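Taking it in order: structure first as structure tokens, then the write-up.
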Amino acid sequence: MSRPPDRPDPDRLLAEVQADEARQRRGRLKLFFGACPGVGKTYAMLQALHERQREGVAVCVGIVETHGRKETQALLEGLPVLPRKRLEYRGRELTEFDLDAALASSAALIAVDELAHTNAPGSRHAKRWQDVEELLAAGFDVYTTVNVQHLESLHDVVAAITGVRVRETVPDRVFDAADDVTLIDLPAADLIQRLRNGKVYLPDVAQSAVERFFRPGNLIALRELALRRVADRVDAQMRAQRTREDPGRVWPARERLLVGLGGARDAPVVRAAARLASRLEAEWIAVYVDRLDDRASRQEREAVLELLGEARRLGADVLTLAGDDVPASLVRCARERNANRIVLGAAAEASGWRRLWTALRGDLASAVQRLAPEVDVVRIGVAAGRPGAAVQARPALGAPDREPRTRHPLAWAAAACALATVVAWPLARVFDLANIVMVYLLAVVLVALRAGRTAGALAALLAVLCFDFFFVQPQLSFAVSDTQYLLTFALMLAVALIIGQLTARLRFAVLAMRERERRSALLTRLANALSGALESERIVEIAEETVGAHFQAAITVVLPDAGHRVRPARPERSVDVSIAQWVLDHGESAGAGTGTLAAAPARYLPLKAPMRVRGVLVVAPRAEPPWRRPEDLETLEACAGQIAVALERVHFVEVARDTLVQMEGERLRNTLLLSLSHDLRTPVAGMLGTAELALQRGAEGPTRPLLQALVEQARAMQSLLDNLLQLARLQSGQARLDRQWHALEEIVASALGHVRSACAGHGLEVRLAAGLPLVEVDALLLERALVNLLDNACKHTPAGCRIAVDARLDPGGTLVIEVADDGPGWPGDDPSRLFAPFQRGAAESPMTGMGLGLALVERIAALHGGRVEARKREPQGSVFALHLPQRPAPQEGVET
């Protein structure tokens, strides 16, 4: 027994009840969402936390980053704050959100700032949003903050706008699953003024931020992104609520157009709908209702295909719906997509019997308006022709390439009726005339099934005539002796026509289902084959064989090389490399059937994976192009997506394998370096001690210069071994920082003492800022870093050049030590390669350097939580700057 249409689906109700129960057990997440830092998200979150506390809710602050803002710091007063968890990482103590303490607390609501934050190594989860997920699963309500640039789907867009790539991201599903999102908005001018007033960053940092990231254009673009993202979320919530409460109506909360299309006559409708959507800044959907019959000519079919392609180029989502009732199909689609306007073509006034037929039947727009009175129907004037613009051309786009239209439908009908007459003639002596009618009805069904709708209609008419002529008294005459047979003839004709039409329609519906099953089988077969491919070459073979056989096209996969330049996987294939490179760079289709380089004989589709474009799929059709039909194009794009994901999977497998090999190589190299350093230090120390002792005892004559040269080479060898040993320890993780409070002047003086002989031909200048406080560093490692920087400057500058050492403490608490020279500078434009191990300069010989000095400096800086950078001086020279974060020096008499 069928369920009444207005009765709720019990399975859907059960699923909703289960989902509600799961939501009740889970905590509620509230996001304070902003366009960029400084708009006041943390401030608003703490204010809301105070309000909930006054309401009697048990609240606590899990972690909040005030960034030195006094107003934000003041809001923490009166709120219980969880102590931070301390973690040891590479000799440095880090603090993080204590998830276990939060889970053990009695609070019902916990504030966790900066949702996109990356946790320190050693934490339970890699990301803070994962900590929040565990809190929510445990039943805690959570308040948190996040910026629009941290959403995973938008960080590439933000990078293109601002030029800054964000590394810390949050999956969009976390944002979409939040129970409440509060947008904290601030105009660009107000935010820039806050920056200049020092309410976001410290003054010196604020000025740099205004010049780089916080420019008015960037802020306006980010603000628009944030507003649109929140609006999209609200729209999705509205549509979900509408589906639950009132699925039979459209809620016009947002402009969305649905355009019903038919034949070539609707081309003005497409262009008018595109203009209307542009003015309204609305989404629009071009819909064709396929009635699955065979009345459309090839010209009509081509017209609809061209029309759908034009709608796609103008920015529409293209849909092809299978259905016999066009108005009902359009209304159903409008309600599913929550489209508040339906755009239809309105033909000029018809004449004669067509006007009468339209008056009796009603036009398409009137039928749509009756079914959905809450939807606005927009009529676009088109050229005069047959009424009902959206139902004129009826090519079954979902069906496969059909058999050619029957050339002689009358011959089929006549032959079938003649055969039925031959069969029924001897049966008439035994059976009643009612049974003879069944024979003719069977003939009509067979004709409609084999030859189509027109032949079926002709067979129905001929069947009535044959039945009257051969079997109704008087026989062999069209005269009728009994008037009751007139009713028999009318009913027989009506039944034959109905059966014939239904049979023809069923035939094409079956063909359409077969074609859809064929497409599904292709995607399944391709997915199964790609899942077992472990090399990109195998993926290319599978793609070219599977997809090419289905679409009857020559398929070529073009992959980029290390320089992001395209190279055909099969060089013997004819591929336009310039088009393929354009597609790879822009991530858009080009070639035949597109608006870009449409004269090309093939179509070039980007292989878009989640992270980047992995290649280009080139499709050169041998028969009908697969992009002519929307369903075929969607299938082709789905295949391209599967191929792209498989290529990205193989890429990351190769990256993981190479990383493991590199890690093992590093481990073996560090072991070898440690062994060599330990084994060589003793004989080198013995040589150096012996040579120095001989010099001290007054060696004269020709042996003295030899001994002095031996001492210099031994000291160089000893310095090299020290660097080897120290670098191996740092890379293996064996080194531990011994951070103590030291005077920077003493460390610099000690380093200068070590390099005084090596820099004898250079002018050394030390410029330490006045009033430098004590700095918390590992003195031996910092001295080693300074020695290497000074030694590097001396080696790569000619005699007579000046070398300067500058040191200062930034307001942000960062110690900056710079070693500058006025030499020729370092070659090239990539400073990162200078800090790679075993990268030697042209002035170094194997006996004076192995390219370890700057690599060691970088490791020492990283161990202190800092960094080292290289830049060129004007007009010549180079500067190496060491940035080490510091905390305020302790006051006298206070333990630290």
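Residues in the structure tokens are numbered from 1 in each chain, the chains being A, B, ... in the order shown, and ligands are numbered from 1 in the order shown.
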
### Message
Show me, as a VMD selection string, the residues that have an atom within 8 Å of range 64-80 of chain A when counting only C-alpha atoms, minus same-chain residues fewer than 3 positions from it.
### Response
chain A and resid 42 to 43 46 to 47 50 59 to 61 111 to 114 199 to 201

### Message
Give me, as a list in words, all polymer residues having an atom no more than 10 Å from Gly615 in chain A, counting only C-alpha atoms and skipping those fewer than 5 positions away in the same chain.
### Response
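After dropping sequence-adjacent residues, the list is Val557, Val558, Leu559, Pro560, Asp561, His564, Arg565, Val566, Arg567, Pro568, Ala580, Gln581, Val583, Leu584, Asp585, Gly587, Leu605, Pro606, Leu607, Lys608, Ala609, Ala640, Ile643, Ala644, Leu647 and Glu648 of chain A.
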
### Query
Can you list, as an MDAnalysis selection string, every residue of range 453-689 of chain A that DSSP puts in strand (DSSP E)?
chainID A and resid 553:560 566:568 590:591 603:608 613:621

### Task
Have a look at CA of His651 in chain A and CA of Gly532 in chain A and let me know their distance in Å, one decimal.
14.3 Å

### Task
Find the residue from A:Leu225, A:Ala434, A:Leu115, A:Pro625 that sits nearest to Gln130 in chain A; use only C-alpha atoms when measuring.
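For Gln130 in chain A, the nearest of the given residues is A:Leu115.
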
### Query
For Ala120 in chain A, which residue among A:Tyr440, A:Phe97, A:Tyr604, A:Phe140 is the nearest when counting only C-alpha atoms?
A:Phe97

Please provide the set of residues having any atom within 12 Å of Glu310 in chain A, restricted to only C-alpha atoms, with same-chain residues fewer than 2 positions apart removed, written as a tab-separated table (two decimals) with C-alpha atoms, in the first residue's frame.
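Contents of result01.tsv, as written:
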chain	number	residue	atom	x	y	z
A	261	LEU	CA	14.68	25.91	-21.37
A	264	ALA	CA	16.75	27.34	-29.99
A	266	ASP	CA	14.86	30.19	-25.93
A	267	ALA	CA	18.30	31.71	-26.60
A	268	PRO	CA	16.97	35.20	-25.63
A	269	VAL	CA	15.68	33.65	-22.40
A	270	VAL	CA	19.17	32.47	-21.46
A	271	ARG	CA	20.76	35.86	-22.10
A	273	ALA	CA	18.23	35.41	-17.33
A	274	ALA	CA	22.01	35.94	-17.20
A	286	ALA	CA	19.29	26.39	-16.29
A	303	ALA	CA	19.64	23.38	-30.50
A	304	VAL	CA	19.04	22.31	-26.91
A	305	LEU	CA	22.64	21.18	-26.52
A	306	GLU	CA	23.91	24.53	-27.78
A	307	LEU	CA	21.51	26.33	-25.47
A	308	LEU	CA	22.67	24.42	-22.40
A	312	ARG	CA	26.94	27.06	-18.70
A	313	ARG	CA	29.33	29.60	-20.27
A	314	LEU	CA	27.25	32.45	-18.86
A	315	GLY	CA	27.62	31.07	-15.35
A	316	ALA	CA	24.58	28.87	-14.80
A	317	ASP	CA	24.38	25.49	-13.14
A	318	VAL	CA	22.96	23.20	-15.83
A	593	GLY	CA	33.61	23.46	-26.69
A	594	THR	CA	34.90	26.19	-24.35
A	595	GLY	CA	35.26	29.94	-24.55
A	628	ARG	CA	27.98	18.16	-26.27
A	630	PRO	CA	25.66	17.93	-20.21

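Taking range 558-634 of chain A and asking which residues DSSP calls helix (DSSP H, G or I) on the backbone, you get Val577, Ser578, Ile579, Ala580, Gln581, Trp582, Val583, Leu584, Asp585, His586, Pro630, Glu631, Asp632, Leu633 and Glu634 of chain A.
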
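Within the 12 Å cut-off around Ala749 in chain A, using only C-alpha atoms and omitting residues fewer than 6 positions from it on the same chain, the listed residues are Ala743, Val755, Arg756, Leu764, Glu765, Val766, Arg767, Leu768, Ala779, Leu782, Glu783, Leu786, Val787 and Val805 of chain A.
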
### Computed interatomic separation between CA of Ala101 in chain A and CA of Gln24 in chain A (Å)
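Computed distance, CA of Ala101 in chain A to CA of Gln24 in chain A, equals 23.3 Å.
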
### Message
I'd like the contact shell of range 698-712 of chain A - 10 Å cut-off, only C-alpha atoms, skipping same-chain residues fewer than 5 positions apart - returned as a ChimeraX atom specification.
### Response
/A:687-693,717-718,757-758
